[in-house]
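Asker: One file is attached below, coords07.txt, containing compact mmCIF, C-alpha atoms.
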```txt
# COMPACT_ATOMS: atom_id res chain seq x y z
CA MET A 1 127.53 -91.53 17.70
CA GLU A 2 126.67 -88.00 18.69
CA LYS A 3 125.16 -87.32 22.07
CA VAL A 4 121.46 -86.65 22.10
CA ARG A 5 120.50 -83.43 23.82
CA ILE A 6 117.17 -82.25 25.05
CA ILE A 7 116.57 -78.55 24.69
CA GLU A 8 113.76 -77.10 26.75
CA VAL A 9 112.06 -74.33 24.88
CA LYS A 10 108.79 -73.73 26.75
CA GLU A 11 107.64 -70.95 24.51
CA SER A 12 104.57 -70.17 22.47
CA ILE A 13 105.11 -70.83 18.79
CA PHE A 14 103.91 -67.28 18.21
CA ALA A 15 106.77 -65.83 20.28
CA ASP A 16 109.16 -65.33 17.36
CA ASN A 17 106.40 -63.70 15.35
CA ASP A 18 105.54 -61.40 18.27
CA ARG A 19 109.15 -60.26 18.52
CA GLU A 20 109.29 -59.60 14.79
CA ALA A 21 106.05 -57.61 15.05
CA GLU A 22 107.50 -55.46 17.85
CA ARG A 23 110.50 -54.71 15.69
CA ILE A 24 108.26 -53.64 12.79
CA ARG A 25 106.31 -51.33 15.10
CA SER A 26 109.42 -49.54 16.33
CA GLN A 27 110.63 -49.22 12.75
CA LEU A 28 107.27 -47.69 11.77
CA LYS A 29 107.49 -45.30 14.71
CA GLN A 30 110.88 -44.09 13.50
CA GLU A 31 109.59 -43.63 9.99
CA LYS A 32 106.44 -41.95 11.31
CA THR A 33 104.17 -44.31 9.45
CA PHE A 34 100.94 -45.62 10.97
CA LEU A 35 99.88 -49.15 10.09
CA LEU A 36 96.27 -50.23 10.53
CA ASN A 37 95.44 -53.93 10.33
CA LEU A 38 91.88 -54.39 9.12
CA MET A 39 90.28 -57.78 9.69
CA SER A 40 86.85 -59.25 8.97
CA SER A 41 84.89 -62.17 7.56
CA PRO A 42 84.47 -62.35 3.81
CA GLY A 43 81.51 -60.29 2.67
CA SER A 44 81.51 -57.83 5.58
CA GLY A 45 81.91 -54.90 3.22
CA LYS A 46 85.57 -54.47 4.05
CA THR A 47 86.62 -53.17 0.64
CA THR A 48 83.75 -50.65 0.45
CA MET A 49 84.58 -49.52 3.97
CA LEU A 50 88.23 -49.16 3.02
CA MET A 51 87.43 -47.14 -0.12
CA ARG A 52 85.25 -44.72 1.88
CA THR A 53 87.94 -44.33 4.52
CA ILE A 54 90.61 -43.63 1.93
CA GLU A 55 88.40 -41.05 0.20
CA GLU A 56 88.05 -39.20 3.51
CA LEU A 57 91.70 -39.27 4.52
CA LYS A 58 93.82 -39.35 1.38
CA TYR A 59 94.22 -35.57 1.16
CA GLU A 60 95.31 -35.35 4.81
CA PHE A 61 97.64 -38.32 4.98
CA ARG A 62 99.84 -39.83 2.33
CA THR A 63 98.11 -43.19 2.20
CA GLY A 64 99.03 -46.67 1.00
CA VAL A 65 97.12 -49.94 0.96
CA MET A 66 98.25 -53.54 1.16
CA GLU A 67 95.67 -56.07 0.06
CA ALA A 68 96.21 -59.56 1.34
CA ASP A 69 94.38 -62.21 -0.49
CA ILE A 70 94.77 -65.89 -0.86
CA ASP A 71 94.85 -65.77 -4.63
CA SER A 72 93.24 -62.93 -6.50
CA SER A 73 93.77 -59.27 -7.29
CA VAL A 74 90.18 -58.11 -7.64
CA ASP A 75 90.22 -56.00 -4.47
CA ALA A 76 93.62 -54.44 -5.18
CA GLU A 77 92.46 -53.27 -8.58
CA LYS A 78 89.36 -51.73 -7.04
CA VAL A 79 91.34 -49.95 -4.32
CA ALA A 80 93.99 -48.72 -6.74
CA GLY A 81 91.11 -46.95 -8.47
CA ALA A 82 90.83 -44.71 -5.39
CA GLY A 83 94.16 -43.20 -6.39
CA VAL A 84 96.44 -44.35 -3.59
CA LYS A 85 99.54 -46.48 -3.69
CA THR A 86 98.37 -50.10 -3.56
CA ILE A 87 100.04 -53.46 -3.58
CA GLN A 88 98.73 -56.97 -3.43
CA ILE A 89 100.24 -59.46 -1.01
CA HIS A 90 99.56 -63.03 -2.02
CA THR A 91 99.69 -65.27 1.00
CA GLY A 92 100.32 -68.32 -1.17
CA GLY A 93 97.26 -70.11 0.07
CA MET A 94 97.86 -69.27 3.72
CA CYS A 95 94.89 -68.21 5.82
CA HIS A 96 96.63 -65.35 7.59
CA LEU A 97 99.44 -62.82 7.34
CA ASP A 98 102.30 -62.93 9.78
CA ALA A 99 104.84 -60.29 10.71
CA GLY A 100 107.35 -61.52 8.12
CA MET A 101 104.88 -61.30 5.23
CA THR A 102 103.74 -57.87 6.42
CA GLU A 103 107.32 -56.62 6.50
CA GLN A 104 107.91 -57.83 2.94
CA GLY A 105 104.73 -56.03 1.91
CA LEU A 106 105.82 -52.81 3.60
CA LYS A 107 109.15 -52.97 1.79
CA GLU A 108 107.49 -53.50 -1.55
CA LEU A 109 105.05 -50.66 -0.90
CA GLY A 110 107.79 -48.32 0.31
CA THR A 111 106.78 -46.55 3.52
CA GLU A 112 109.28 -43.65 3.68
CA ASP A 113 106.83 -41.27 2.02
CA LEU A 114 103.64 -42.61 3.61
CA ASP A 115 101.81 -41.48 6.77
CA LEU A 116 99.13 -44.13 6.79
CA VAL A 117 99.19 -47.71 5.56
CA ILE A 118 96.09 -49.86 5.73
CA LEU A 119 96.53 -53.60 5.61
CA GLU A 120 93.45 -55.46 4.45
CA ASN A 121 94.04 -58.83 6.05
CA VAL A 122 92.69 -62.14 4.75
CA GLY A 123 88.91 -62.42 5.24
CA ASN A 124 88.70 -64.72 8.24
CA LEU A 125 88.09 -64.24 11.97
CA VAL A 126 90.30 -67.00 13.34
CA CYS A 127 93.85 -67.14 12.02
CA PRO A 128 94.60 -63.44 11.44
CA ALA A 129 93.83 -62.85 15.12
CA GLU A 130 96.62 -65.17 16.20
CA PHE A 131 99.41 -63.45 14.33
CA ASP A 132 100.58 -59.97 15.29
CA THR A 133 101.36 -58.23 11.99
CA GLY A 134 103.28 -55.35 13.54
CA ALA A 135 100.34 -52.99 13.06
CA VAL A 136 99.93 -49.99 15.35
CA ARG A 137 96.21 -50.59 15.71
CA ASN A 138 93.94 -53.52 14.90
CA ALA A 139 90.44 -53.02 13.62
CA MET A 140 87.73 -55.48 12.88
CA ILE A 141 84.59 -55.17 10.80
CA LEU A 142 81.50 -57.10 11.76
CA SER A 143 78.50 -56.71 9.50
CA VAL A 144 74.89 -56.86 10.59
CA PRO A 145 73.90 -59.96 8.54
CA GLU A 146 76.61 -61.98 10.33
CA GLY A 147 74.71 -61.88 13.61
CA HIS A 148 75.36 -60.44 17.05
CA ASP A 149 76.80 -63.61 18.58
CA LYS A 150 80.13 -63.39 16.74
CA PRO A 151 82.00 -62.14 19.86
CA LEU A 152 80.98 -65.35 21.60
CA LYS A 153 82.02 -67.58 18.72
CA TYR A 154 85.31 -65.89 17.90
CA PRO A 155 86.44 -64.36 21.20
CA LEU A 156 90.13 -64.00 20.33
CA ILE A 157 89.72 -61.48 17.54
CA PHE A 158 87.61 -59.26 19.81
CA THR A 159 90.39 -59.42 22.39
CA VAL A 160 93.20 -58.36 20.05
CA CYS A 161 91.31 -55.51 18.35
CA ASP A 162 91.34 -51.86 19.42
CA VAL A 163 88.26 -51.02 17.44
CA LEU A 164 85.16 -52.77 16.18
CA ILE A 165 83.27 -51.34 13.23
CA ILE A 166 79.76 -52.65 12.90
CA ASN A 167 78.97 -52.27 9.22
CA LYS A 168 75.73 -52.36 7.21
CA ILE A 169 73.58 -50.77 9.92
CA ASP A 170 71.32 -49.60 7.08
CA VAL A 171 69.88 -53.13 6.97
CA LEU A 172 69.31 -53.38 10.75
CA PRO A 173 65.49 -53.36 10.39
CA TYR A 174 65.62 -56.58 8.34
CA PHE A 175 67.82 -58.62 10.63
CA ASP A 176 67.53 -60.03 14.09
CA PHE A 177 70.67 -58.18 15.16
CA ASP A 178 70.91 -56.72 18.64
CA LEU A 179 73.44 -53.87 18.78
CA GLU A 180 73.36 -53.77 22.57
CA LYS A 181 74.10 -57.49 22.78
CA VAL A 182 77.18 -57.02 20.59
CA ARG A 183 78.41 -54.26 22.86
CA GLU A 184 77.81 -56.39 25.92
CA TYR A 185 79.46 -59.54 24.51
CA ALA A 186 82.40 -57.66 23.00
CA HIS A 187 83.10 -55.61 26.11
CA MET A 188 82.97 -58.79 28.19
CA ARG A 189 86.07 -59.93 26.22
CA ASN A 190 87.66 -56.52 25.83
CA PRO A 191 86.42 -53.63 28.02
CA ASP A 192 88.56 -51.07 26.13
CA LEU A 193 87.19 -51.92 22.67
CA LYS A 194 85.92 -48.86 20.76
CA ILE A 195 82.73 -49.60 18.84
CA PHE A 196 81.48 -47.67 15.81
CA PRO A 197 78.19 -48.65 14.14
CA VAL A 198 78.35 -47.48 10.51
CA SER A 199 76.99 -47.95 7.05
CA ALA A 200 79.80 -47.65 4.55
CA LYS A 201 77.11 -47.61 1.87
CA THR A 202 75.05 -44.65 3.10
CA GLY A 203 77.87 -42.99 5.05
CA GLU A 204 75.96 -43.09 8.34
CA GLY A 205 78.25 -43.14 11.37
CA MET A 206 81.39 -42.90 9.24
CA ASP A 207 82.45 -39.56 10.73
CA ALA A 208 83.00 -41.01 14.19
CA TRP A 209 85.18 -43.81 12.81
CA ILE A 210 87.17 -41.47 10.55
CA ASN A 211 87.73 -39.05 13.44
CA TRP A 212 88.99 -41.83 15.65
CA LEU A 213 91.42 -43.04 12.98
CA ARG A 214 92.57 -39.48 12.22
CA GLN A 215 93.35 -38.96 15.91
CA GLN A 216 95.26 -42.24 16.14
CA VAL A 217 97.37 -41.48 13.07
CA ASN A 218 98.15 -37.96 14.26
CA ASP A 219 99.13 -39.19 17.71
CA TRP A 220 101.48 -41.72 16.16
CA ILE A 221 103.18 -39.62 13.48
CA ARG A 222 103.35 -36.29 15.30
CA THR A 223 104.87 -37.47 18.57
CA ASP A 224 108.26 -39.03 19.28
CA MET B 225 85.49 -80.53 1.66
CA GLU B 226 86.35 -76.88 1.12
CA GLU B 227 86.29 -76.31 4.86
CA ARG B 228 88.61 -79.24 5.43
CA LYS B 229 91.04 -77.86 2.92
CA ALA B 230 90.92 -74.42 4.50
CA LYS B 231 91.46 -76.01 7.90
CA LYS B 232 94.57 -77.76 6.80
CA MET B 233 95.89 -74.46 5.51
CA HIS B 234 95.71 -73.19 9.05
CA GLU B 235 97.73 -76.12 10.38
CA LEU B 236 100.28 -75.68 7.62
CA GLY B 237 100.85 -72.06 8.62
CA ILE B 238 101.35 -73.18 12.22
CA VAL B 239 103.83 -75.85 11.11
CA PHE B 240 105.86 -73.29 9.17
CA HIS B 241 106.12 -71.20 12.32
CA ILE B 242 107.24 -74.16 14.40
CA ILE B 243 109.89 -75.03 11.81
CA LYS B 244 111.12 -71.43 11.70
CA THR B 245 111.45 -71.35 15.49
CA ILE B 246 113.31 -74.67 15.57
CA GLU B 247 115.67 -73.50 12.84
CA ARG B 248 116.53 -70.45 14.95
CA ILE B 249 117.09 -72.59 18.05
CA GLY B 250 119.10 -75.04 15.96
CA GLU B 251 121.42 -72.29 14.86
CA GLU B 252 121.81 -70.88 18.36
CA ASN B 253 122.64 -74.30 19.78
CA ARG B 254 124.59 -75.60 16.77
CA LEU B 255 122.32 -78.60 16.32
CA ASN B 256 122.90 -81.03 13.45
CA THR B 257 119.81 -83.18 13.53
CA VAL B 258 116.55 -82.75 15.35
CA THR B 259 114.94 -86.12 16.04
CA GLU B 260 111.92 -85.24 18.13
CA VAL B 261 109.83 -82.17 18.81
CA THR B 262 107.33 -81.96 21.64
CA LEU B 263 104.44 -79.57 21.36
CA GLU B 264 101.91 -78.62 24.01
CA LEU B 265 98.55 -78.16 22.36
CA GLY B 266 95.52 -76.69 24.09
CA GLU B 267 92.18 -78.38 23.51
CA VAL B 268 90.69 -75.14 22.20
CA SER B 269 93.74 -73.88 20.34
CA GLY B 270 91.88 -74.34 17.07
CA VAL B 271 94.50 -76.77 15.84
CA ILE B 272 93.56 -80.34 14.91
CA PRO B 273 96.35 -82.73 15.98
CA GLY B 274 95.89 -85.16 13.07
CA GLU B 275 95.99 -82.39 10.49
CA LEU B 276 99.00 -80.86 12.23
CA ASN B 277 100.82 -84.18 12.01
CA ASP B 278 100.04 -84.54 8.29
CA CYS B 279 101.34 -81.04 7.62
CA TRP B 280 104.39 -81.67 9.79
CA ASN B 281 105.35 -84.87 8.00
CA TRP B 282 105.06 -83.14 4.65
CA ALA B 283 106.84 -79.92 5.60
CA VAL B 284 109.85 -81.30 7.50
CA LYS B 285 110.93 -83.29 4.44
CA LYS B 286 111.90 -79.97 2.92
CA THR B 287 114.24 -79.07 5.77
CA GLY B 288 117.77 -80.28 6.36
CA LEU B 289 117.70 -79.96 10.11
CA MET B 290 114.61 -82.00 10.95
CA ASN B 291 113.58 -84.04 7.94
CA GLU B 292 113.16 -87.18 10.04
CA ALA B 293 111.88 -85.52 13.19
CA LYS B 294 108.86 -86.93 14.94
CA LEU B 295 106.21 -84.59 16.29
CA LEU B 296 104.87 -85.46 19.74
CA ILE B 297 101.75 -83.69 20.90
CA GLU B 298 100.83 -83.26 24.57
CA LYS B 299 97.28 -82.11 25.09
CA ILE B 300 96.44 -79.34 27.56
CA PRO B 301 92.85 -79.54 28.78
CA ALA B 302 90.73 -76.41 28.38
CA LEU B 303 89.53 -74.90 31.66
CA THR B 304 87.23 -71.94 32.18
CA PHE B 305 86.92 -69.82 35.32
CA CYS B 306 83.66 -68.25 36.41
CA GLU B 307 84.00 -64.74 37.83
CA SER B 308 80.58 -64.91 39.44
CA CYS B 309 80.91 -68.06 41.54
CA LYS B 310 84.71 -68.55 41.33
CA GLU B 311 84.39 -72.14 40.10
CA THR B 312 86.59 -73.70 37.41
CA TYR B 313 85.10 -76.13 34.91
CA GLY B 314 85.89 -78.02 31.69
CA THR B 315 85.42 -75.78 28.66
CA ILE B 316 84.80 -78.51 26.08
CA ARG B 317 81.93 -80.00 28.02
CA HIS B 318 80.22 -76.84 29.28
CA GLY B 319 81.24 -73.99 26.97
CA ARG B 320 81.17 -70.39 28.06
CA ILE B 321 78.19 -70.53 30.40
CA CYS B 322 79.05 -71.63 33.93
CA PRO B 323 77.45 -75.01 34.75
CA TYR B 324 77.39 -74.10 38.47
CA CYS B 325 75.60 -70.74 38.44
CA GLY B 326 74.64 -70.01 34.81
CA SER B 327 76.77 -66.88 34.62
CA GLU B 328 78.26 -65.67 31.31
CA MET B 329 81.05 -63.81 33.08
CA THR B 330 83.63 -66.47 32.41
CA TYR B 331 87.07 -66.62 30.89
CA LEU B 332 89.45 -69.27 29.64
CA VAL B 333 92.24 -70.10 32.10
CA GLN B 334 94.12 -72.55 29.91
CA GLY B 335 93.63 -74.57 26.76
CA ASN B 336 94.45 -72.18 23.89
CA GLU B 337 98.21 -72.81 24.03
CA ILE B 338 100.40 -73.83 21.13
CA ASN B 339 103.75 -74.13 22.89
CA LEU B 340 107.01 -75.58 21.77
CA LYS B 341 107.95 -77.60 24.84
CA GLU B 342 111.22 -79.29 23.98
CA ILE B 343 113.43 -80.51 21.20
CA LYS B 344 115.46 -83.68 21.13
CA ALA B 345 118.53 -83.26 18.95
CA CYS B 346 122.15 -84.06 18.40
```
Please express the file's structure as structure tokens.

Answerer:
Amino acid sequence: MEKVRIIEVKESIFADNDREAERIRSQLKQEKTFLLNLMSSPGSGKTTMLMRTIEELKYEFRTGVMEADIDSSVDAEKVAGAGVKTIQIHTGGMCHLDAGMTEQGLKELGTEDLDLVILENVGNLVCPAEFDTGAVRNAMILSVPEGHDKPLKYPLIFTVCDVLIINKIDVLPYFDFDLEKVREYAHMRNPDLKIFPVSAKTGEGMDAWINWLRQQVNDWIRTD
Amino acid sequence: MEERKAKKMHELGIVFHIIKTIERIGEENRLNTVTEVTLELGEVSGVIPGELNDCWNWAVKKTGLMNEAKLLIEKIPALTFCESCKETYGTIRHGRICPYCGSEMTYLVQGNEINLKEIKAC
């Protein structure tokens, strides 16, 4: 009979994924491609927000989009209508994307001739936050009807994001949503978090967000 | 029902990552059979132990290396530290507001871990 061994691992189960994500980031740096990971709940206006953003930037940056969805291609079809290279990543029922799935997506999309790739992650505030996709920056959309206590209920996602877009501010008068409270709660978890209140529908506040993203992409692709 | 299903999906994703990690370690250490895997699971890791076990038992059957492996789960209690009064308290019982001074300036010290602790193999 073979000898039983005990192997001490003492490592987070996300460690392998984190290493893979680091590798993707350095690859993207070499290729001078910026990857934005966009996360949100379902119904936050993520696709509308994405379409507006693409419209603003597609003539400046060669742009591609990866749509992650559990099992549908509705969003990908809509985004492809904006005239940029788009692929759909089916997560096969999984509630998040990990670094491996993202890498497969990037390969399928082909990043050599792209400056900016936006990954629309699965609509969910819990699981996507746990898995580093290899993105250069992480953004999250919170919409007004969802309520201002989301940073307290889902602290992790506010910790891993670089930027928080508060969408649907055009309906602020109809909801009991306190913008200052969101800032306070979110900054409690992540003091460096950039916050942009916008309405993707009316276009209000979109300039500030677009300018931030433009700056980030330029910094990434124009420096070594 | 839908929520339950969605929940299990989360555990399944976690299980796939554990299996992937063990397969890497198995290769590095030339292991033939893994018989036991010990996981440290934080109380507020968002993972439900029962669901994790169900997913584990289903998923390992599809592997060669660990198709009979048992999953042992060691719980790590969730503790929160208060920056205002410097006290530490149980997160599950009291949540994010400090039971000693009522402050909201608190952060989790431990309890969100999902760690692979050790593997028993031959």

Asker: Calculate how many Å separate atom CA of Leu289 of chain B from atom CA of Asp18 of chain A, rounding to one decimal.

Answerer: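 It comes out at 23.6 Å.
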
Asker: Go ahead and compute the interatomic distance for atom CA of Leu340 of chain B and atom CA of Ser12 of chain A, in Å to one decimal.

Answerer: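 The value is 6.0 Å.
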
Asker: Where's the centre, and what are the edge lengths in Å to one decimal, of a box along x, y and z enclosing all listed atoms of segment 136-144 of chain A padded 6 Å per side, as AutoDock Vina command-line options?

Answerer:
```
--center_x 87.4 --center_y -53.5 --center_z 12.6 --size_x 37.0 --size_y 19.1 --size_z 18.2
```

Asker: Which residues of chain A come within 10 Å of chain B, and for each one, what is the closest pair of atoms and their distance in Å to one decimal, counting all atoms listed in the file, sorted by chain and residue number, as CSV?

Answerer:
```
residue,atom,partner,partner_atom,distance
A:Met1,CA,B:Cys346,CA,9.2
A:Glu2,CA,B:Cys346,CA,6.0
A:Lys3,CA,B:Cys346,CA,5.8
A:Val4,CA,B:Cys346,CA,4.6
A:Arg5,CA,B:Ala345,CA,5.3
A:Ile6,CA,B:Lys344,CA,4.5
A:Ile7,CA,B:Ile343,CA,5.1
A:Glu8,CA,B:Glu342,CA,4.3
A:Val9,CA,B:Glu342,CA,5.1
A:Lys10,CA,B:Lys341,CA,4.4
A:Glu11,CA,B:Asn339,CA,5.3
A:Ser12,CA,B:Asn339,CA,4.1
A:Ile13,CA,B:Asn339,CA,5.4
A:Phe14,CA,B:His241,CA,7.4
A:Ala15,CA,B:Thr245,CA,8.7
A:Asp16,CA,B:Thr245,CA,6.7
A:Asn17,CA,B:His241,CA,8.1
A:Gly93,CA,B:Met233,CA,7.1
A:Met94,CA,B:Met233,CA,5.8
A:Cys95,CA,B:His234,CA,6.0
A:His96,CA,B:Gly237,CA,8.0
A:Leu97,CA,B:Gly237,CA,9.4
A:Asp98,CA,B:Gly237,CA,9.3
A:Val126,CA,B:Gly270,CA,8.4
A:Cys127,CA,B:His234,CA,7.0
A:Leu152,CA,B:Arg320,CA,8.2
A:Lys153,CA,B:Arg320,CA,9.8
A:Pro155,CA,B:Tyr331,CA,10.0
A:Leu156,CA,B:Asn336,CA,9.9
A:Tyr185,CA,B:Glu328,CA,9.2
A:Met188,CA,B:Met329,CA,7.3
A:Arg189,CA,B:Tyr331,CA,8.2
```

Asker: Can you pull out every residue within 8 Å of Val284 of chain B, counting only C-alpha atoms, but drop anything in the same chain fewer than 6 positions away, and send it as a PyMOL selection string?

Answerer: chain B and resi 243+290-293

Asker: Provide the atom CA of Trp212 of chain A to atom CA of Ile195 of chain A distance in Å, to one decimal place.

Answerer: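 Straight-line distance from atom CA of Trp212 of chain A to atom CA of Ile195 of chain A works out to 10.5 Å.
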
Asker: I'd like the neighbourhood of segment 304-313 of chain B as a PDB file with C-alpha atoms, in the coordinates of the input, where a residue qualifies if any of its atoms comes within 9 Å (using all atoms listed in the file), though same-chain residues fewer than 5 positions away should be ignored.

Answerer:
```
ATOM      1  CA  HIS B 318      80.220 -76.840  29.280  1.00  0.00           C
ATOM      2  CA  GLY B 319      81.240 -73.990  26.970  1.00  0.00           C
ATOM      3  CA  ARG B 320      81.170 -70.390  28.060  1.00  0.00           C
ATOM      4  CA  ILE B 321      78.190 -70.530  30.400  1.00  0.00           C
ATOM      5  CA  CYS B 322      79.050 -71.630  33.930  1.00  0.00           C
ATOM      6  CA  PRO B 323      77.450 -75.010  34.750  1.00  0.00           C
ATOM      7  CA  TYR B 324      77.390 -74.100  38.470  1.00  0.00           C
ATOM      8  CA  CYS B 325      75.600 -70.740  38.440  1.00  0.00           C
ATOM      9  CA  SER B 327      76.770 -66.880  34.620  1.00  0.00           C
ATOM     10  CA  GLU B 328      78.260 -65.670  31.310  1.00  0.00           C
ATOM     11  CA  MET B 329      81.050 -63.810  33.080  1.00  0.00           C
ATOM     12  CA  THR B 330      83.630 -66.470  32.410  1.00  0.00           C
ATOM     13  CA  TYR B 331      87.070 -66.620  30.890  1.00  0.00           C
ATOM     14  CA  LEU B 332      89.450 -69.270  29.640  1.00  0.00           C
ATOM     15  CA  VAL B 333      92.240 -70.100  32.100  1.00  0.00           C
ATOM     16  CA  GLN B 334      94.120 -72.550  29.910  1.00  0.00           C
ATOM     17  CA  GLY B 335      93.630 -74.570  26.760  1.00  0.00           C
TER      18      GLY B 335
END
```

Asker: Residues near Ala21 of chain A, anyone? I mean within 8 Å using only C-alpha atoms, not counting same-chain ones fewer than 2 positions away, as a ChimeraX atom specification.

Answerer: /A:17-19,23-25,99,132-135

Asker: Neighbouring residues of segment 139-150 of chain A were defined as those with any atom within 8 Å, considering only C-alpha atoms; residues of the same chain fewer than 5 positions away were excluded. Please report them as a compact mmCIF listing (two decimals) with C-alpha atoms, keeping the file's coordinate frame.

Answerer:
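Output contents, as saved in result.txt:
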```
# COMPACT_ATOMS: atom_id res chain seq x y z
CA LEU A 36 96.27 -50.23 10.53
CA ASN A 37 95.44 -53.93 10.33
CA LEU A 38 91.88 -54.39 9.12
CA MET A 39 90.28 -57.78 9.69
CA SER A 40 86.85 -59.25 8.97
CA SER A 41 84.89 -62.17 7.56
CA SER A 44 81.51 -57.83 5.58
CA GLY A 45 81.91 -54.90 3.22
CA LYS A 46 85.57 -54.47 4.05
CA PRO A 155 86.44 -64.36 21.20
CA ILE A 157 89.72 -61.48 17.54
CA PHE A 158 87.61 -59.26 19.81
CA CYS A 161 91.31 -55.51 18.35
CA ASP A 162 91.34 -51.86 19.42
CA VAL A 163 88.26 -51.02 17.44
CA LEU A 164 85.16 -52.77 16.18
CA ILE A 165 83.27 -51.34 13.23
CA ILE A 166 79.76 -52.65 12.90
CA ASN A 167 78.97 -52.27 9.22
CA LYS A 168 75.73 -52.36 7.21
CA ILE A 169 73.58 -50.77 9.92
CA VAL A 171 69.88 -53.13 6.97
CA LEU A 172 69.31 -53.38 10.75
CA PHE A 175 67.82 -58.62 10.63
CA ASP A 176 67.53 -60.03 14.09
CA PHE A 177 70.67 -58.18 15.16
CA ASP A 178 70.91 -56.72 18.64
CA LEU A 179 73.44 -53.87 18.78
CA LYS A 181 74.10 -57.49 22.78
CA VAL A 182 77.18 -57.02 20.59
CA TYR A 185 79.46 -59.54 24.51
```

Asker: Find, counting only C-alpha atoms, the residue in B:Glu298, B:Gly326, B:Leu303, B:Ile316 that gets nearest to Pro273 of chain B.

Answerer: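 Checking each candidate against Pro273 of chain B, we get B:Glu298 as the closest.
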
Asker: Could you check which residues have any atom within 10 Å of (97.2, -38.0, 9.8), counting all atoms listed in the file with coordinates taken straight from the file, and then list them as a PyMOL selection string?

Answerer: chain A and resi 33-34+57-63+115-116+213-222

Asker: Give the answer as one residue: which of B:Thr315, B:Ala283, B:Val271, B:Leu276 has the shortest atom-to-atom distance to Leu296 of chain B, using only C-alpha atoms?

Answerer: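 So, comparing all the options, the nearest one is B:Leu276.
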